[in-house]
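Chemist: Sending over a structure as structure tokens; questions will come in a sec.
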Amino acid sequence: MRKKITLIGAGQIGGTLAHLIALKELGDVVLFDVAAGIAKGKALDIAQSSPVNGFNVNLIGTDNYDDTKSSDVIIITAGVPRKPGMTRDDLLEINLKIIKQVAENIKSRSPSAFVICITNPLDVIVMALQKYSGLPKNKVVGMAGILDSSRFIYFLSKELKVPTQNIKSFVLGGHGDSMVAMLGSTEVNGKKISDLVKEGKIKQETLEEIVERTKKGGAEIVKLLEKGSAYYAPAASGIEMAESYLKDLKKQVPCAAYLNGEYGFKNIYAGVPIIIGKNGVEKIIELNLNQEEKKAFTYSVNSVMELYKNAQKIDPDL
Ligand code: APR
């Protein structure tokens, strides 16, 4: 039987997710949005491409939560994206309200789903989603690190003229300006990035500029688009997580996961490398961080904690 994948939010990311799921035949798609016409229109449009693209999955659009019943995977993008000049944190109040409503509607209908959150400010919203829904912590994960790492690897590949496949790296911590590119775990053609700096293949200051550009990668796109925020790379990143779960690929990917003592933090979501398989988050990988990375990671997770405190002020239920 085909898997059932529900997308809550049929906007820019939701529509792109639906298209990718269909092309990859990952499962049947339920595209849910409070704006029913958008969900129905996009589902129909993608379905009409099936004869051309040769995929065989069902797509429906809806604004009725009953259609989402017994989903295997739920990907949430419901919410408001950034406008130029806004930070992700500026979205907290409005998206928190939306996520509460979403959580209440999915918990009874799909208690065994693997839930991927994309709505920003990511780390705090995914934590709130887990609290509101009461779903197991290993089944509620946030999409951030894959996207940030992908941006970093892309910029490095352009600079070094090396295919992206030959670069390994992780961007961890919170999905905000304090995110941390793990330079100690960054390898190009199997060589440490610090060795490439020593050999003069890349200047230290160019590397630092790339790290900065990565941190502001989302804002750069918001500014260019003028309306809305990035959606192709975020959708692709969400799909990698869903696919690893559905096919039990046990991929090691950086995601916002619940920390219970790992990296010295408890009771908070933050970006760390995890293994995703048929049981959801099967393992959190603890990398050996150098002093500088540890300091930056701690600072980043602390800023997520601060923002979560703001969320608790907005809604004491948290
Ligand atoms: N329930 C379901 N859908 C909702 C709700 C709700 N309560 N409130 C809003 N939506 C829908 C909107 O109708 C819209 O179609 O969420 C969709 C969001 O789509 P876009 O505005 O196109 O935003 P998108 O670019 O997809 O980003 C969504 O992901 O990356 C984050 O910061 C981004 O928080 C934003 C989210």
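Convention: chains lettered A, B, ... in structure tokens order; per-chain residue numbering from 1; ligands numbered from 1 as shown.
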Using DSSP secondary structure from the backbone, list all helix (DSSP H, G or I) positions within segment 112-313 of chain A, as number ranges by chain.
Modeler: A: 122-133, 137-139, 145-160, 164-166, 183-185, 193-198, 204-215, 217-225, 232-246, 262-264, 291-313
Chemist: May I have the residues within 6 Å of segment 99-112 of chain A as a count of residues only, using only C-alpha atoms and disregarding those fewer than 2 positions away in the same chain?
Modeler: 8
Chemist: Taking only C-alpha atoms and all ligand atoms into account, which residues have an atom no farther than 7 Å from ligand 1? I'd like them as a VMD selection string.
Modeler: chain A and resid 8 to 14 32 to 35 38 77 to 82 88 95 98 to 99 101 to 102 118 to 121 228 to 231 234
Chemist: What lies within 9 Å of Ile193 of chain A using only C-alpha atoms, ignoring chain neighbours under 5 positions off, as a ChimeraX atom specification?
Modeler: /A:183-188,198,202
Chemist: Considering only C-alpha atoms, return as a list of chain:residue names whatever protein or nucleic-acid residues lie within 10 Å of Ala43 of chain A, sequence-local ones (same chain, fewer than 2 positions apart) excluded.
Modeler: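 That gives A:Ala10, A:Gly15, A:Ala18, A:His19, A:Val29, A:Val30, A:Leu31, A:Phe32, A:Gly37, A:Ile38, A:Ala39, A:Lys40, A:Gly41, A:Asp45, A:Ile46, A:Ala47, A:Gln48, A:Asn58, A:Leu59, A:Ile60, A:Gly61, A:Thr62.
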Chemist: Filtering to N, CA and C atoms, could you give me those residues as a PDB file, in the first residue's frame?
Modeler:
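The new file out.pdb reads:
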```pdb
ATOM      1  N   ALA A  10      -0.054  24.823   1.929  1.00  0.00           N
ATOM      2  CA  ALA A  10       0.093  24.541   0.495  1.00  0.00           C
ATOM      3  C   ALA A  10       0.654  25.768  -0.216  1.00  0.00           C
ATOM      4  N   GLY A  15       3.682  23.474  -1.938  1.00  0.00           N
ATOM      5  CA  GLY A  15       3.461  23.093  -3.337  1.00  0.00           C
ATOM      6  C   GLY A  15       4.688  22.400  -3.921  1.00  0.00           C
ATOM      7  N   ALA A  18       4.910  18.885  -2.603  1.00  0.00           N
ATOM      8  CA  ALA A  18       3.941  18.000  -3.267  1.00  0.00           C
ATOM      9  C   ALA A  18       4.483  17.546  -4.623  1.00  0.00           C
ATOM     10  N   HIS A  19       5.078  18.485  -5.337  1.00  0.00           N
ATOM     11  CA  HIS A  19       5.613  18.163  -6.662  1.00  0.00           C
ATOM     12  C   HIS A  19       6.748  17.137  -6.558  1.00  0.00           C
ATOM     13  N   VAL A  29      -0.473  12.106  -1.742  1.00  0.00           N
ATOM     14  CA  VAL A  29      -0.310  13.427  -1.107  1.00  0.00           C
ATOM     15  C   VAL A  29      -1.651  14.043  -0.735  1.00  0.00           C
ATOM     16  N   VAL A  30      -1.753  14.487   0.528  1.00  0.00           N
ATOM     17  CA  VAL A  30      -2.885  15.316   0.934  1.00  0.00           C
ATOM     18  C   VAL A  30      -2.325  16.713   1.188  1.00  0.00           C
ATOM     19  N   LEU A  31      -2.766  17.650   0.387  1.00  0.00           N
ATOM     20  CA  LEU A  31      -2.286  19.019   0.500  1.00  0.00           C
ATOM     21  C   LEU A  31      -3.359  19.801   1.258  1.00  0.00           C
ATOM     22  N   PHE A  32      -3.027  20.200   2.491  1.00  0.00           N
ATOM     23  CA  PHE A  32      -4.010  20.879   3.339  1.00  0.00           C
ATOM     24  C   PHE A  32      -3.656  22.358   3.464  1.00  0.00           C
ATOM     25  N   GLY A  37      -8.752  26.678  -1.869  1.00  0.00           N
ATOM     26  CA  GLY A  37      -8.569  26.763  -3.319  1.00  0.00           C
ATOM     27  C   GLY A  37      -7.114  26.555  -3.726  1.00  0.00           C
ATOM     28  N   ILE A  38      -6.198  27.105  -2.930  1.00  0.00           N
ATOM     29  CA  ILE A  38      -4.764  26.965  -3.243  1.00  0.00           C
ATOM     30  C   ILE A  38      -4.374  25.489  -3.158  1.00  0.00           C
ATOM     31  N   ALA A  39      -4.838  24.830  -2.091  1.00  0.00           N
ATOM     32  CA  ALA A  39      -4.502  23.404  -1.904  1.00  0.00           C
ATOM     33  C   ALA A  39      -5.090  22.568  -3.038  1.00  0.00           C
ATOM     34  N   LYS A  40      -6.344  22.824  -3.362  1.00  0.00           N
ATOM     35  CA  LYS A  40      -7.015  22.033  -4.411  1.00  0.00           C
ATOM     36  C   LYS A  40      -6.406  22.324  -5.777  1.00  0.00           C
ATOM     37  N   GLY A  41      -6.157  23.593  -6.029  1.00  0.00           N
ATOM     38  CA  GLY A  41      -5.605  23.996  -7.328  1.00  0.00           C
ATOM     39  C   GLY A  41      -4.234  23.385  -7.568  1.00  0.00           C
ATOM     40  N   ASP A  45      -3.240  20.626 -10.364  1.00  0.00           N
ATOM     41  CA  ASP A  45      -2.219  21.008 -11.341  1.00  0.00           C
ATOM     42  C   ASP A  45      -1.109  19.944 -11.396  1.00  0.00           C
ATOM     43  N   ILE A  46      -0.623  19.541 -10.219  1.00  0.00           N
ATOM     44  CA  ILE A  46       0.454  18.530 -10.187  1.00  0.00           C
ATOM     45  C   ILE A  46      -0.077  17.190 -10.718  1.00  0.00           C
ATOM     46  N   ALA A  47      -1.301  16.826 -10.310  1.00  0.00           N
ATOM     47  CA  ALA A  47      -1.880  15.559 -10.770  1.00  0.00           C
ATOM     48  C   ALA A  47      -1.977  15.531 -12.299  1.00  0.00           C
ATOM     49  N   GLN A  48      -2.286  16.693 -12.887  1.00  0.00           N
ATOM     50  CA  GLN A  48      -2.409  16.751 -14.347  1.00  0.00           C
ATOM     51  C   GLN A  48      -1.067  16.609 -15.059  1.00  0.00           C
ATOM     52  N   ASN A  58      -1.708   9.488  -5.892  1.00  0.00           N
ATOM     53  CA  ASN A  58      -2.890  10.342  -5.817  1.00  0.00           C
ATOM     54  C   ASN A  58      -2.559  11.639  -5.096  1.00  0.00           C
ATOM     55  N   LEU A  59      -3.152  12.724  -5.586  1.00  0.00           N
ATOM     56  CA  LEU A  59      -2.973  14.014  -4.899  1.00  0.00           C
ATOM     57  C   LEU A  59      -4.339  14.625  -4.672  1.00  0.00           C
ATOM     58  N   ILE A  60      -4.598  15.072  -3.438  1.00  0.00           N
ATOM     59  CA  ILE A  60      -5.824  15.836  -3.217  1.00  0.00           C
ATOM     60  C   ILE A  60      -5.503  17.108  -2.444  1.00  0.00           C
ATOM     61  N   GLY A  61      -6.353  18.112  -2.628  1.00  0.00           N
ATOM     62  CA  GLY A  61      -6.236  19.350  -1.856  1.00  0.00           C
ATOM     63  C   GLY A  61      -7.456  19.445  -0.955  1.00  0.00           C
ATOM     64  N   THR A  62      -7.280  20.014   0.247  1.00  0.00           N
ATOM     65  CA  THR A  62      -8.395  20.060   1.189  1.00  0.00           C
ATOM     66  C   THR A  62      -8.201  21.138   2.243  1.00  0.00           C
TER      67      THR A  62
END
```
Chemist: State, in Å with one decimal place, the distance from atom CA of Tyr299 of chain A to atom CA of Ile276 of chain A.
Modeler: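 Distance between the two atoms: 26.1 Å.
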Chemist: As a ChimeraX atom specification, please: the residues near Phe170 of chain A (cut-off 9 Å, only C-alpha atoms, same-chain neighbours under 4 positions excluded).
Modeler: /A:145-146,148-150,152-153,180-183,185-186,253-254,272-273
Chemist: Between A:Tyr154, A:Tyr65, A:Tyr232, A:Phe55, single out the one closest to Ile210 of chain A, counting only C-alpha atoms.
Modeler: A:Tyr154
Chemist: Which distance in Å separates atom CA of Lys266 of chain A and atom CA of Glu306 of chain A, to one decimal?
Modeler: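 Separation of atom CA of Lys266 of chain A and atom CA of Glu306 of chain A: 14.1 Å.
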Chemist: Near Leu23 of chain A, within 10 Å and counting only C-alpha atoms, which residues show up once chain neighbours fewer than 5 positions away are dropped, as an MDAnalysis selection string?
Modeler: chainID A and resid 17:18 46 49:50 53:57
Chemist: Taking all heavy atoms for each residue, export the selection above as a short mmCIF file (atom, residue, chain, number, x, y, z; two decimals), in the first residue's frame.
Modeler:
```cif
data_model
loop_
_atom_site.label_atom_id
_atom_site.label_comp_id
_atom_site.auth_asym_id
_atom_site.auth_seq_id
_atom_site.Cartn_x
_atom_site.Cartn_y
_atom_site.Cartn_z
N LEU A 17 6.95 20.77 -2.22
CA LEU A 17 7.04 19.44 -1.59
C LEU A 17 6.13 18.45 -2.32
O LEU A 17 6.53 17.33 -2.62
CB LEU A 17 6.57 19.52 -0.12
CG LEU A 17 7.53 20.17 0.89
CD1 LEU A 17 6.79 20.45 2.21
CD2 LEU A 17 8.74 19.28 1.15
N ALA A 18 4.91 18.88 -2.60
CA ALA A 18 3.94 18.00 -3.27
C ALA A 18 4.48 17.55 -4.62
O ALA A 18 4.38 16.36 -4.99
CB ALA A 18 2.60 18.73 -3.44
N ILE A 46 -0.62 19.54 -10.22
CA ILE A 46 0.45 18.53 -10.19
C ILE A 46 -0.08 17.19 -10.72
O ILE A 46 0.60 16.51 -11.50
CB ILE A 46 1.03 18.38 -8.76
CG1 ILE A 46 1.69 19.69 -8.32
CG2 ILE A 46 2.04 17.23 -8.70
CD1 ILE A 46 2.04 19.77 -6.85
N SER A 49 0.04 16.68 -14.30
CA SER A 49 1.35 16.46 -14.93
C SER A 49 1.74 14.98 -14.91
O SER A 49 2.76 14.60 -15.47
CB SER A 49 2.43 17.30 -14.23
OG SER A 49 2.78 16.73 -12.98
N SER A 50 0.91 14.15 -14.24
CA SER A 50 1.30 12.73 -14.10
C SER A 50 1.40 11.98 -15.44
O SER A 50 2.32 11.18 -15.61
CB SER A 50 0.39 12.00 -13.11
OG SER A 50 -0.94 11.98 -13.57
N ASN A 53 4.82 13.17 -16.76
CA ASN A 53 5.98 12.76 -15.96
C ASN A 53 5.97 11.27 -15.62
O ASN A 53 6.97 10.74 -15.14
CB ASN A 53 6.06 13.58 -14.66
CG ASN A 53 6.62 14.97 -14.92
OD1 ASN A 53 7.59 15.13 -15.64
ND2 ASN A 53 5.98 15.99 -14.37
N GLY A 54 4.84 10.64 -15.81
CA GLY A 54 4.78 9.19 -15.61
C GLY A 54 4.83 8.75 -14.17
O GLY A 54 5.37 7.70 -13.86
N PHE A 55 4.26 9.55 -13.26
CA PHE A 55 4.19 9.06 -11.86
C PHE A 55 2.78 8.58 -11.56
O PHE A 55 1.82 8.96 -12.20
CB PHE A 55 4.67 10.12 -10.86
CG PHE A 55 3.91 11.44 -10.88
CD1 PHE A 55 2.66 11.56 -10.30
CD2 PHE A 55 4.49 12.57 -11.46
CE1 PHE A 55 1.99 12.78 -10.30
CE2 PHE A 55 3.82 13.78 -11.47
CZ PHE A 55 2.57 13.89 -10.90
N ASN A 56 2.73 7.72 -10.54
CA ASN A 56 1.46 7.10 -10.21
C ASN A 56 1.16 7.23 -8.71
O ASN A 56 1.33 6.28 -7.95
CB ASN A 56 1.53 5.61 -10.62
CG ASN A 56 0.22 4.90 -10.37
OD1 ASN A 56 -0.85 5.52 -10.37
ND2 ASN A 56 0.30 3.60 -10.11
N VAL A 57 0.77 8.43 -8.30
CA VAL A 57 0.33 8.66 -6.92
C VAL A 57 -0.92 9.54 -6.96
O VAL A 57 -1.15 10.24 -7.95
CB VAL A 57 1.41 9.34 -6.04
CG1 VAL A 57 2.64 8.47 -5.89
CG2 VAL A 57 1.80 10.72 -6.58
#
```
Chemist: Write down as a CSV table (one decimal) with N, CA, C and O atoms, in the first residue's frame the residues of segment 97-134 of chain A whose backbone DSSP state falls under strand (DSSP E).
Modeler:
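Heads up, here's the output in out22.csv:
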```csv
chain,number,residue,atom,x,y,z
A,114,PHE,N,5.3,10.5,11.3
A,114,PHE,CA,6.6,11.1,11.5
A,114,PHE,C,6.4,12.6,11.0
A,114,PHE,O,6.0,12.8,9.9
A,115,VAL,N,6.6,13.5,11.9
A,115,VAL,CA,6.2,14.9,11.7
A,115,VAL,C,7.5,15.8,11.5
A,115,VAL,O,8.3,15.8,12.3
A,116,ILE,N,7.5,16.4,10.3
A,116,ILE,CA,8.7,17.3,10.0
A,116,ILE,C,8.1,18.7,10.0
A,116,ILE,O,7.2,19.1,9.3
A,117,CYS,N,8.8,19.6,10.8
A,117,CYS,CA,8.3,21.0,10.8
A,117,CYS,C,9.3,21.9,10.0
A,117,CYS,O,10.5,21.7,10.1
```
